[in-house]
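Trainee: Input file: model-v5.cif. Contents: mmCIF, C-alpha atoms and all ligand atoms.
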data_final
loop_
_atom_site.label_atom_id
_atom_site.label_comp_id
_atom_site.auth_asym_id
_atom_site.auth_seq_id
_atom_site.Cartn_x
_atom_site.Cartn_y
_atom_site.Cartn_z
CA MET A 1 14.47 -15.81 26.50
CA LYS A 2 17.83 -14.22 25.75
CA LYS A 3 17.63 -11.45 23.20
CA PRO A 4 19.31 -12.38 19.93
CA ARG A 5 22.53 -10.57 19.16
CA PHE A 6 21.07 -9.02 15.99
CA GLN A 7 17.60 -7.49 15.73
CA THR A 8 15.73 -5.42 13.17
CA PRO A 9 16.24 -1.66 13.61
CA SER A 10 13.69 0.10 15.80
CA GLY A 11 10.34 0.51 14.04
CA MET A 12 11.23 -2.00 11.34
CA ARG A 13 10.28 -5.65 11.12
CA ASP A 14 10.36 -8.88 9.19
CA ILE A 15 7.19 -9.66 7.28
CA LEU A 16 6.57 -13.38 7.23
CA SER A 17 4.70 -15.53 4.76
CA GLU A 18 1.27 -15.46 6.40
CA GLU A 19 1.34 -11.66 6.64
CA LEU A 20 2.64 -11.36 3.10
CA THR A 21 -0.48 -13.03 1.72
CA TYR A 22 -2.31 -9.82 2.72
CA TYR A 23 0.24 -7.69 0.86
CA GLN A 24 -0.10 -9.94 -2.18
CA LYS A 25 -3.88 -9.75 -2.10
CA ILE A 26 -3.83 -5.94 -1.93
CA PHE A 27 -1.22 -5.78 -4.68
CA ASP A 28 -3.29 -8.05 -6.95
CA ILE A 29 -6.39 -5.90 -6.50
CA CYS A 30 -4.40 -2.71 -7.21
CA GLN A 31 -2.99 -4.33 -10.34
CA LYS A 32 -6.47 -5.25 -11.60
CA MET A 33 -7.84 -1.76 -10.96
CA ALA A 34 -4.76 -0.19 -12.56
CA ASP A 35 -5.25 -2.30 -15.69
CA PHE A 36 -8.92 -1.40 -15.88
CA TYR A 37 -8.41 2.35 -15.45
CA GLY A 38 -5.31 2.48 -17.65
CA PHE A 39 -2.60 3.16 -15.05
CA GLU A 40 0.97 2.08 -15.79
CA ARG A 41 3.13 0.79 -12.98
CA ILE A 42 6.24 2.70 -11.98
CA GLU A 43 8.89 1.89 -9.40
CA THR A 44 11.11 4.77 -8.40
CA PRO A 45 14.32 4.30 -6.35
CA ILE A 46 14.22 4.04 -2.57
CA LEU A 47 16.76 6.87 -2.42
CA GLU A 48 16.26 10.35 -3.86
CA GLN A 49 18.09 13.61 -3.53
CA THR A 50 17.08 15.18 -0.22
CA GLU A 51 16.18 18.40 -1.98
CA LEU A 52 13.41 16.66 -3.94
CA PHE A 53 11.46 16.34 -0.70
CA SER A 54 12.49 19.57 1.00
CA ARG A 55 11.30 21.43 -2.10
CA GLY A 56 8.42 19.22 -3.18
CA VAL A 57 6.89 18.21 0.14
CA GLY A 58 7.91 21.45 1.85
CA GLN A 59 10.65 22.62 4.18
CA ALA A 60 8.29 23.35 7.07
CA THR A 61 6.36 20.06 6.98
CA ASP A 62 6.72 17.48 9.75
CA ILE A 63 7.92 14.94 7.19
CA VAL A 64 10.87 17.04 6.07
CA LYS A 65 11.65 18.60 9.44
CA LYS A 66 11.54 15.52 11.63
CA GLU A 67 10.81 12.29 9.87
CA MET A 68 13.25 11.74 7.02
CA PHE A 69 16.09 9.24 6.97
CA SER A 70 18.67 11.48 5.31
CA PHE A 71 22.40 11.02 5.00
CA LYS A 72 25.44 12.07 3.09
CA THR A 73 27.07 9.46 0.85
CA LYS A 74 30.82 8.89 0.64
CA GLY A 75 30.71 10.81 -2.62
CA GLY A 76 29.11 13.76 -0.85
CA ASP A 77 25.54 13.41 -2.19
CA GLU A 78 22.71 14.37 0.15
CA LEU A 79 20.21 11.51 -0.12
CA THR A 80 16.96 10.60 1.61
CA MET A 81 15.04 7.35 1.87
CA ARG A 82 11.75 8.23 0.22
CA PRO A 83 9.11 9.22 2.80
CA GLU A 84 6.29 9.41 0.25
CA GLY A 85 5.60 8.62 -3.39
CA THR A 86 4.18 11.67 -5.15
CA ALA A 87 7.33 13.81 -5.36
CA PRO A 88 9.39 10.89 -6.79
CA VAL A 89 6.69 10.18 -9.39
CA ALA A 90 6.61 13.85 -10.38
CA ARG A 91 10.42 13.80 -10.58
CA ALA A 92 10.25 10.74 -12.85
CA TYR A 93 7.59 12.40 -15.01
CA ILE A 94 9.99 15.26 -15.68
CA GLU A 95 13.18 13.20 -15.95
CA GLU A 96 11.69 10.53 -18.23
CA GLY A 97 10.21 13.11 -20.57
CA MET A 98 6.63 12.00 -20.00
CA ARG A 99 5.36 15.43 -20.90
CA SER A 100 5.83 14.56 -24.56
CA ARG A 101 3.50 11.57 -24.22
CA PRO A 102 -0.26 11.83 -24.75
CA GLN A 103 -1.68 13.42 -21.59
CA PRO A 104 -2.77 12.63 -18.97
CA VAL A 105 -0.08 10.22 -17.83
CA LYS A 106 -1.46 7.76 -15.28
CA LEU A 107 0.97 5.98 -12.97
CA TRP A 108 0.71 3.70 -9.95
CA TYR A 109 3.20 2.26 -7.49
CA PHE A 110 3.37 -0.20 -4.59
CA GLY A 111 6.43 -0.27 -2.37
CA PRO A 112 8.22 0.51 0.90
CA PHE A 113 8.60 4.04 2.32
CA PHE A 114 10.49 5.35 5.32
CA ARG A 115 9.73 7.82 8.06
CA HIS A 116 11.56 8.28 11.31
CA GLU A 117 8.49 8.42 13.55
CA LYS A 118 8.11 7.33 17.13
CA PRO A 119 7.47 3.58 16.84
CA GLN A 120 3.98 2.67 18.01
CA ARG A 121 1.43 -0.03 17.35
CA GLY A 122 0.65 -0.34 13.65
CA ARG A 123 3.18 2.37 12.76
CA TYR A 124 6.49 1.42 11.29
CA ARG A 125 9.53 3.30 10.14
CA GLN A 126 9.52 1.15 7.04
CA PHE A 127 5.97 0.92 5.80
CA TRP A 128 4.28 0.10 2.51
CA GLN A 129 2.12 2.32 0.42
CA PHE A 130 0.38 2.12 -2.88
CA GLY A 131 -0.53 5.20 -4.82
CA PHE A 132 -2.19 6.31 -8.02
CA GLU A 133 -1.19 9.54 -9.76
CA VAL A 134 -2.57 11.34 -12.81
CA LEU A 135 -0.31 13.99 -14.33
CA GLY A 136 -1.06 16.48 -17.09
CA GLU A 137 -4.77 17.01 -16.57
CA ALA A 138 -6.50 19.78 -14.63
CA SER A 139 -10.11 18.64 -15.03
CA PRO A 140 -12.08 18.04 -11.82
CA VAL A 141 -13.33 14.74 -13.26
CA ILE A 142 -9.86 13.32 -12.52
CA ASP A 143 -10.22 14.16 -8.81
CA ALA A 144 -13.48 12.20 -8.73
CA GLN A 145 -12.03 9.28 -10.67
CA ILE A 146 -9.08 8.97 -8.31
CA ILE A 147 -11.48 8.83 -5.36
CA GLN A 148 -13.65 6.29 -7.16
CA LEU A 149 -10.64 4.10 -7.89
CA PHE A 150 -9.62 3.97 -4.21
CA PHE A 151 -13.24 3.28 -3.28
CA ASN A 152 -13.23 0.31 -5.63
CA ILE A 153 -9.98 -1.05 -4.22
CA LEU A 154 -11.25 -0.79 -0.65
CA GLY A 155 -14.57 -2.26 -1.70
CA ALA A 156 -12.80 -5.24 -3.26
CA LEU A 157 -11.01 -5.67 0.09
CA LYS A 158 -14.44 -5.91 1.77
CA PHE A 159 -14.46 -2.48 3.39
CA LYS A 160 -17.97 -1.14 3.91
CA ASP A 161 -19.48 2.22 4.84
CA LEU A 162 -16.69 4.24 3.30
CA ALA A 163 -16.87 8.01 3.10
CA VAL A 164 -14.66 10.75 1.70
CA LYS A 165 -13.68 13.69 3.83
CA ILE A 166 -13.06 16.45 1.37
CA ASN A 167 -11.99 20.06 1.26
CA SER A 168 -10.45 22.57 -1.10
CA ILE A 169 -7.35 24.43 -0.01
CA GLY A 170 -7.39 26.80 -2.97
CA CYS A 171 -4.57 27.90 -5.22
CA SER A 172 -1.76 30.44 -5.25
CA THR A 173 -4.31 33.12 -6.18
CA CYS A 174 -6.73 32.68 -3.32
CA ARG A 175 -4.74 30.96 -0.61
CA PRO A 176 -2.36 33.77 0.46
CA ARG A 177 -5.23 36.03 1.46
CA PHE A 178 -6.86 33.25 3.46
CA LYS A 179 -3.57 32.41 5.14
CA ARG A 180 -3.25 36.01 6.37
CA ILE A 181 -6.76 35.91 7.80
CA LEU A 182 -6.15 32.52 9.38
CA SER A 183 -2.83 33.67 10.85
CA SER A 184 -4.30 36.70 12.53
CA TYR A 185 -7.19 34.61 13.89
CA LEU A 186 -4.76 32.05 15.33
CA ARG A 187 -2.27 34.61 16.64
CA ASN A 188 -5.05 36.26 18.60
CA ARG A 189 -5.72 32.91 20.24
CA ALA A 190 -2.13 31.72 20.60
CA SER A 191 -2.46 31.34 24.36
CA SER A 192 -5.13 28.66 23.85
CA LEU A 193 -2.90 26.61 21.53
CA CYS A 194 -0.49 23.82 22.43
CA SER A 195 3.23 24.62 22.51
CA GLU A 196 3.83 22.83 19.21
CA CYS A 197 1.16 24.95 17.51
CA ARG A 198 2.60 28.16 18.96
CA ARG A 199 5.85 27.16 17.31
CA ARG A 200 4.01 26.26 14.07
CA LEU A 201 2.44 29.73 14.03
CA LYS A 202 5.85 31.21 13.37
CA GLU A 203 6.41 29.11 10.24
CA SER A 204 3.05 28.20 8.80
CA SER A 205 -0.29 28.86 10.43
CA TRP A 206 -1.65 26.26 8.02
CA ARG A 207 -0.03 23.42 10.01
CA VAL A 208 -2.02 24.31 13.12
CA LEU A 209 -5.11 22.96 11.34
CA ASP A 210 -3.45 19.51 11.32
CA CYS A 211 -3.00 19.45 15.12
CA LYS A 212 -4.73 16.60 16.89
CA GLU A 213 -4.26 18.02 20.41
CA GLU A 214 -7.56 18.41 22.21
CA LYS A 215 -6.50 21.80 23.47
CA CYS A 216 -6.34 23.14 19.93
CA GLN A 217 -9.58 21.63 18.65
CA ALA A 218 -11.88 24.38 19.89
CA VAL A 219 -9.74 27.03 18.23
CA ILE A 220 -9.51 25.02 14.99
CA ASN A 221 -13.24 24.29 14.87
CA ASN A 222 -14.08 27.99 14.93
CA ALA A 223 -11.31 29.05 12.59
CA PRO A 224 -12.09 30.70 9.26
CA GLN A 225 -12.60 28.23 6.42
CA MET A 226 -10.79 28.18 3.09
CA LEU A 227 -14.05 27.30 1.35
CA ASP A 228 -15.31 30.83 2.07
CA TYR A 229 -12.27 32.39 0.40
CA LEU A 230 -11.87 30.31 -2.78
CA CYS A 231 -11.32 32.23 -6.01
CA GLU A 232 -13.80 31.67 -8.81
CA ILE A 233 -11.72 28.99 -10.56
CA CYS A 234 -11.16 27.03 -7.35
CA HIS A 235 -14.79 27.38 -6.37
CA LYS A 236 -15.97 26.06 -9.73
CA HIS A 237 -13.49 23.20 -9.61
CA PHE A 238 -14.60 22.12 -6.15
CA LYS A 239 -18.27 22.32 -7.07
CA SER A 240 -17.67 20.09 -10.09
CA VAL A 241 -15.76 17.51 -8.03
CA LEU A 242 -18.69 17.29 -5.61
CA GLU A 243 -21.17 16.96 -8.48
CA PHE A 244 -19.14 14.10 -9.96
CA LEU A 245 -19.06 12.40 -6.55
CA ASP A 246 -22.85 12.79 -6.37
CA GLU A 247 -23.10 11.22 -9.81
CA LEU A 248 -21.01 8.26 -8.63
CA SER A 249 -23.05 8.02 -5.38
CA ILE A 250 -19.89 8.41 -3.33
CA PRO A 251 -20.78 9.71 0.14
CA TYR A 252 -18.68 12.68 1.17
CA ILE A 253 -18.30 14.86 4.21
CA LEU A 254 -17.17 18.46 3.82
CA GLU A 255 -14.24 18.85 6.16
CA PRO A 256 -13.47 22.58 6.07
CA HIS A 257 -10.26 22.28 8.10
CA LEU A 258 -8.75 19.31 6.31
CA VAL A 259 -5.42 20.50 4.88
CA ARG A 260 -3.15 17.42 4.78
CA GLY A 261 0.34 18.28 5.90
CA LEU A 262 2.14 18.58 2.61
CA ASP A 263 2.99 21.74 0.75
CA TYR A 264 2.30 20.53 -2.77
CA TYR A 265 -1.47 20.26 -2.53
CA THR A 266 -3.75 22.72 -4.32
CA LYS A 267 -7.52 22.76 -4.63
CA THR A 268 -8.94 19.32 -3.71
CA VAL A 269 -7.65 17.43 -0.67
CA PHE A 270 -9.36 14.28 0.54
CA GLU A 271 -9.18 11.35 2.93
CA ILE A 272 -11.13 8.12 2.71
CA VAL A 273 -12.32 6.76 6.03
CA GLU A 274 -14.49 3.90 7.15
CA MET A 275 -17.47 5.11 9.15
CA GLY A 276 -18.38 3.20 12.30
CA LYS A 277 -21.65 3.35 14.18
CA GLU A 278 -22.91 6.79 15.22
CA GLY A 279 -20.99 8.41 12.41
CA LYS A 280 -17.65 7.89 14.11
CA SER A 281 -14.85 7.33 11.68
CA PHE A 282 -12.01 4.88 12.13
CA GLY A 283 -8.57 5.93 10.99
CA THR A 284 -7.76 7.27 7.57
CA LEU A 285 -7.24 4.60 4.92
CA VAL A 286 -6.37 6.79 1.94
CA GLY A 287 -5.17 10.36 1.59
CA GLY A 288 -4.63 12.47 -1.45
CA GLY A 289 -5.43 15.52 -3.46
CA ARG A 290 -4.58 17.73 -6.36
CA TYR A 291 -1.08 19.12 -6.80
CA ASP A 292 -1.11 21.55 -9.70
CA ASN A 293 2.15 23.24 -8.65
CA LEU A 294 4.35 20.28 -7.78
CA VAL A 295 5.90 19.69 -11.20
CA LYS A 296 6.55 23.42 -11.52
CA ILE A 297 8.23 23.54 -8.09
CA LEU A 298 10.48 20.70 -9.26
CA GLY A 299 11.40 22.61 -12.39
CA GLY A 300 9.20 20.80 -14.91
CA GLY A 301 6.86 23.54 -16.09
CA VAL A 302 3.15 23.87 -15.57
CA VAL A 303 1.73 20.35 -15.27
CA PRO A 304 -1.34 19.80 -13.11
CA GLY A 305 -1.65 16.56 -11.17
CA CYS A 306 -3.90 14.65 -8.83
CA GLY A 307 -3.51 11.45 -6.88
CA GLY A 308 -3.70 9.57 -3.62
CA ALA A 309 -1.92 6.98 -1.54
CA ALA A 310 -2.90 4.33 0.99
CA GLY A 311 -0.98 2.76 3.85
CA VAL A 312 -0.84 -0.99 3.39
CA GLU A 313 -0.21 -1.81 7.09
CA ARG A 314 -3.18 0.31 8.15
CA ILE A 315 -5.42 -1.49 5.66
CA ILE A 316 -4.20 -4.92 6.76
CA GLU A 317 -4.75 -4.01 10.41
CA ALA A 318 -8.30 -2.92 9.60
CA MET A 319 -8.92 -6.10 7.59
CA LYS A 320 -7.79 -8.20 10.54
CA GLU A 321 -9.93 -6.20 12.98
CA ARG A 322 -12.94 -7.05 10.82
CA GLY A 323 -11.96 -10.69 10.44
CA VAL A 324 -11.40 -10.43 6.69
CA LYS A 325 -9.34 -13.47 5.74
CA VAL A 326 -7.21 -13.90 2.69
CA SER A 327 -6.52 -17.39 1.47
CA SER A 328 -2.92 -18.39 1.13
CA PRO A 329 -1.91 -20.20 -2.02
CA SER A 330 -3.18 -23.77 -1.74
CA SER A 331 -0.58 -26.29 -0.63
CA PRO A 332 0.23 -29.29 -2.84
CA LYS A 333 -2.22 -32.16 -2.77
CA ILE A 334 0.47 -34.75 -3.35
CA PHE A 335 3.29 -35.84 -1.07
CA LEU A 336 6.20 -38.07 -2.10
CA CYS A 337 7.74 -40.44 0.48
CA GLN A 338 10.88 -42.43 -0.16
CA LEU A 339 12.80 -45.12 1.68
CA GLY A 340 16.38 -46.13 0.86
CA THR A 341 19.19 -44.69 -1.26
CA LEU A 342 17.93 -45.91 -4.64
CA ALA A 343 14.40 -44.61 -3.94
CA LYS A 344 15.86 -41.25 -2.90
CA ARG A 345 17.76 -41.01 -6.20
CA LYS A 346 14.75 -41.95 -8.29
CA SER A 347 12.53 -39.59 -6.30
CA LEU A 348 14.86 -36.71 -7.06
CA VAL A 349 14.29 -37.31 -10.78
CA LEU A 350 10.56 -37.94 -10.41
CA ILE A 351 10.07 -34.58 -8.66
CA GLU A 352 11.47 -32.85 -11.72
CA ARG A 353 8.92 -34.62 -13.92
CA PHE A 354 6.14 -33.26 -11.69
CA GLN A 355 7.72 -29.83 -11.97
CA GLU A 356 7.78 -30.06 -15.79
CA ASN A 357 4.12 -31.09 -15.72
CA LYS A 358 3.31 -28.17 -13.36
CA ILE A 359 1.82 -30.42 -10.70
CA PRO A 360 2.78 -29.20 -7.22
CA ILE A 361 4.29 -31.96 -5.10
CA ALA A 362 5.72 -31.82 -1.59
CA GLU A 363 8.50 -34.00 -0.19
CA LEU A 364 11.04 -34.38 2.59
CA LEU A 365 13.92 -35.89 0.65
CA SER A 366 16.41 -35.03 3.38
CA LYS A 367 14.65 -37.36 5.83
CA ASP A 368 15.06 -41.13 5.88
CA SER A 369 12.30 -42.11 8.28
CA LEU A 370 9.02 -43.07 6.59
CA ARG A 371 7.13 -42.21 9.78
CA VAL A 372 8.46 -38.63 9.77
CA GLN A 373 7.54 -38.23 6.11
CA LEU A 374 4.01 -39.57 6.58
CA GLU A 375 3.48 -37.31 9.57
CA ARG A 376 4.37 -34.30 7.43
CA ALA A 377 2.04 -35.48 4.63
CA ASN A 378 -0.78 -35.75 7.18
CA LYS A 379 -0.07 -32.34 8.65
CA MET A 380 -0.18 -30.80 5.18
CA GLY A 381 -3.47 -32.50 4.43
CA ALA A 382 -2.16 -34.27 1.34
CA LYS A 383 -4.84 -36.06 -0.70
CA TYR A 384 -2.46 -38.54 -2.28
CA VAL A 385 0.78 -39.91 -0.92
CA LEU A 386 3.28 -41.54 -3.25
CA ILE A 387 5.47 -44.13 -1.55
CA MET A 388 8.65 -45.50 -3.09
CA GLY A 389 10.32 -48.13 -0.87
CA GLN A 390 13.42 -50.18 -1.59
CA LYS A 391 11.44 -52.92 -3.34
CA GLU A 392 9.39 -50.52 -5.46
CA ALA A 393 12.51 -48.59 -6.46
CA LEU A 394 14.16 -51.79 -7.70
CA GLU A 395 11.08 -52.65 -9.80
CA ASP A 396 10.63 -49.06 -11.09
CA LYS A 397 7.27 -48.89 -9.39
CA ILE A 398 5.55 -46.62 -6.88
CA ILE A 399 2.55 -46.84 -4.58
CA ILE A 400 -0.24 -44.26 -4.84
CA LYS A 401 -2.20 -44.02 -1.61
CA ASP A 402 -5.53 -42.22 -1.52
CA MET A 403 -5.54 -40.68 1.95
CA ALA A 404 -9.32 -40.31 2.14
CA THR A 405 -10.15 -43.97 1.39
CA GLY A 406 -6.88 -45.57 2.42
CA ARG A 407 -6.84 -47.45 -0.90
CA GLN A 408 -3.46 -48.19 -2.45
CA LYS A 409 -2.42 -48.80 -6.03
CA LEU A 410 0.91 -49.96 -7.39
CA VAL A 411 1.88 -48.32 -10.71
CA GLU A 412 4.97 -48.06 -12.88
CA ILE A 413 6.98 -44.92 -12.16
CA LYS A 414 6.74 -43.75 -15.77
CA LYS A 415 2.94 -43.90 -15.56
CA VAL A 416 2.52 -42.13 -12.22
CA ILE A 417 2.15 -38.62 -13.68
CA ASN A 418 -0.73 -39.66 -15.93
CA GLU A 419 -2.33 -41.63 -13.13
CA ILE A 420 -2.15 -38.63 -10.77
CA LYS A 421 -3.54 -36.32 -13.46
CA LYS A 422 -6.50 -38.69 -13.81
CA GLN A 423 -7.06 -38.78 -10.04
CA LEU A 424 -6.86 -34.99 -9.68
CA LYS A 425 -9.43 -34.50 -12.43
CA LYS A 426 -12.03 -36.49 -10.49
ZN ZN B 501 -7.97 29.69 -6.19
ZN ZN B 502 -1.86 22.14 18.68
#
Could you express the structure from this file as structure tokens?
Ligand SMILES: [Zn+2]
Ligand SMILES: [Zn+2]
Mentor:
Amino acid sequence: MKKPRFQTPSGMRDILSEELTYYQKIFDICQKMADFYGFERIETPILEQTELFSRGVGQATDIVKKEMFSFKTKGGDELTMRPEGTAPVARAYIEEGMRSRPQPVKLWYFGPFFRHEKPQRGRYRQFWQFGFEVLGEASPVIDAQIIQLFFNILGALKFKDLAVKINSIGCSTCRPRFKRILSSYLRNRASSLCSECRRRLKESSWRVLDCKEEKCQAVINNAPQMLDYLCEICHKHFKSVLEFLDELSIPYILEPHLVRGLDYYTKTVFEIVEMGKEGKSFGTLVGGGRYDNLVKILGGGVVPGCGGAAGVERIIEAMKERGVKVSSPSSPKIFLCQLGTLAKRKSLVLIERFQENKIPIAELLSKDSLRVQLERANKMGAKYVLIMGQKEALEDKIIIKDMATGRQKLVEIKKVINEIKKQLKK
């Protein structure tokens, strides 16, 4: 087949109706959970000032260095298509004066994000995420509640055997010392690291811990662990989070080298994964953590925060792999066929009466052939077919055909709505 002249940009795609039923299902579950746990919805713009991300997410992160769609507008503004949701939410918290509201402020979002990654299966440059953020509360109970909330959402989507991988990456008191120790450990083993990690060493030894290269795994596995260097406050916080998770019977795995590649995290970082047989985990479904410094970095004072986000495409892919089906909205049970100009005119009006009565009805008014219309009614699985021919139209009547029994009934047009209501009630 000849390629069409216009195609979606690389790594982007059209999402068609059948696929969108999955998005709708996930959205509906998020909405229910948000209502229950008292989260308000927020939608921030697709575009933000580039500096929001270079400062908030971090200059040396992969997202900011390589993956952002950034450009200069005709007016000279440096803008970026949002690659993630937490920095924009924190920006909105400051800009909309949410600090003067009763704290904590709980917000959730569901929308498209953009990263210029190498296109590969299941990875898109425009992808959808939903996230839940709690701002203005430092208590470790929030960390546990956020994890619980994502567990509930995934549970409602029929995910089983979920576990949290969890770690603490400390705070500005205890982390610098650990970073020095980690750096010297890694620098001594630089020759065993991949070229990317040798480059990372120069900027942030921290990022090496994120490397997935096999070559680097042995070095990473034996690296010093942040958990051994936590200050007293961070240590207490982490212990409480784990106790709350125990209380909620949420299974967790201590993952001492989990750092998550964003600069704004402090203390708790976590990922939710589905465990397969033999303890092997499939990909990450949710990622998140605490970010007690983010609002401050963005110029909004000391406001602790905690949250997480999930990739919608990843979740849908996993649902499909497991054969989880979502039902599409049921198609109308009634189909209206017409034959002749007068019948077409009267049908046009009749359809509006069905609309006013909120009874879904399907039709093919643009077609003249009765055979074509009946074929469509059959294909749709209509329970009742209404037929208005030339004769019926002249007499202001219409035929109701029960497709299961084949029985037909001639009724006056003005009575057809009531008659159909009666039939549907049966
Ligand atoms: Zn600390
Ligand atoms: Zn590496």
Trainee: Near Glu313 of chain A, within 8 Å and counting all atoms listed in the file, which residues show up once chain neighbours fewer than 3 positions away are dropped, as JSON, numbers by chain?
Mentor: {"A": [122, 123, 127, 128, 316, 317]}
Trainee: Using only C-alpha atoms, find each residue of segment 316-386 of chain A with at least one atom at most 12 Å away from an atom of segment 256-280 of chain A; report its shortest atom-to-atom pair and that distance in Å (one decimal), sort the rows by chain and rising residue number, and return the result as JSON lines.
Mentor:
{"residue": "A:Ala318", "atom": "CA", "partner": "A:Glu274", "partner_atom": "CA", "distance": 9.5}
{"residue": "A:Met319", "atom": "CA", "partner": "A:Glu274", "partner_atom": "CA", "distance": 11.5}
{"residue": "A:Arg322", "atom": "CA", "partner": "A:Glu274", "partner_atom": "CA", "distance": 11.7}
Trainee: At a cut-off of 12 Å around ligand ZN 502 (chain B), and using only C-alpha atoms and all ligand atoms, what residues come up? Please write them as number ranges by chain.
Mentor: A: 186, 189-201, 205-220
Trainee: Mind pulling up the distance from atom CA of Thr21 of chain A to atom CA of Lys325 of chain A?
Mentor: 9.7 Å
Trainee: Could you give me, as a list of chain:residue names, every polymer residue with an atom at most 8 Å away from an atom of ligand ZN 501 (chain B), counting all atoms listed in the file?
Mentor: A:Gly170, A:Cys171, A:Ser172, A:Thr173, A:Cys174, A:Arg175, A:Leu230, A:Cys231, A:Glu232, A:Ile233, A:Cys234, A:His235, A:Lys267
Trainee: Pick from A:Leu227, A:Ile413, A:Leu424, A:Ala310: nearest to Ile166 of chain A, with only C-alpha atoms counted?
Mentor: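 Using only C-alpha atoms, Ile166 of chain A sits closest to A:Leu227.
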Trainee: To one decimal place in Å, what is the distance between atom CA of Asp228 of chain A and atom CA of Ser139 of chain A?
Mentor: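 Atom CA of Ser139 of chain A lies at a distance of 21.6 Å from atom CA of Asp228 of chain A.
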Trainee: Please tell me which residues are no farther than 12 Å from (8.0, -0.6, -11.4) in the file, counting all atoms listed in the file, and write them as a PyMOL selection string.
Mentor: chain A and resi 31+39-46+89+92+107-111+130
Trainee: Any idea what's packed within 9 Å of segment 149-159 of chain A, counting all atoms listed in the file, ignoring anything in its chain fewer than 5 positions away? Could you give it as a PyMOL selection string?
Mentor: chain A and resi 25-26+29-30+33-34+37+132+144+250+272+274+285-286+308-310+315+318-319+322+324
Trainee: To one decimal place, how far is atom CA of Pro140 of chain A from atom CA of Tyr291 of chain A in Å?
Mentor: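 According to the coordinates, atom CA of Pro140 of chain A and atom CA of Tyr291 of chain A are separated by 12.1 Å.
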Trainee: Using all atoms listed in the file, which of A:Leu254, A:Val326, A:Leu47, A:Met388 sits nearest Lys409 of chain A?
Mentor: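 Once distances to Lys409 of chain A are computed over all atoms listed in the file, the minimum belongs to A:Met388.
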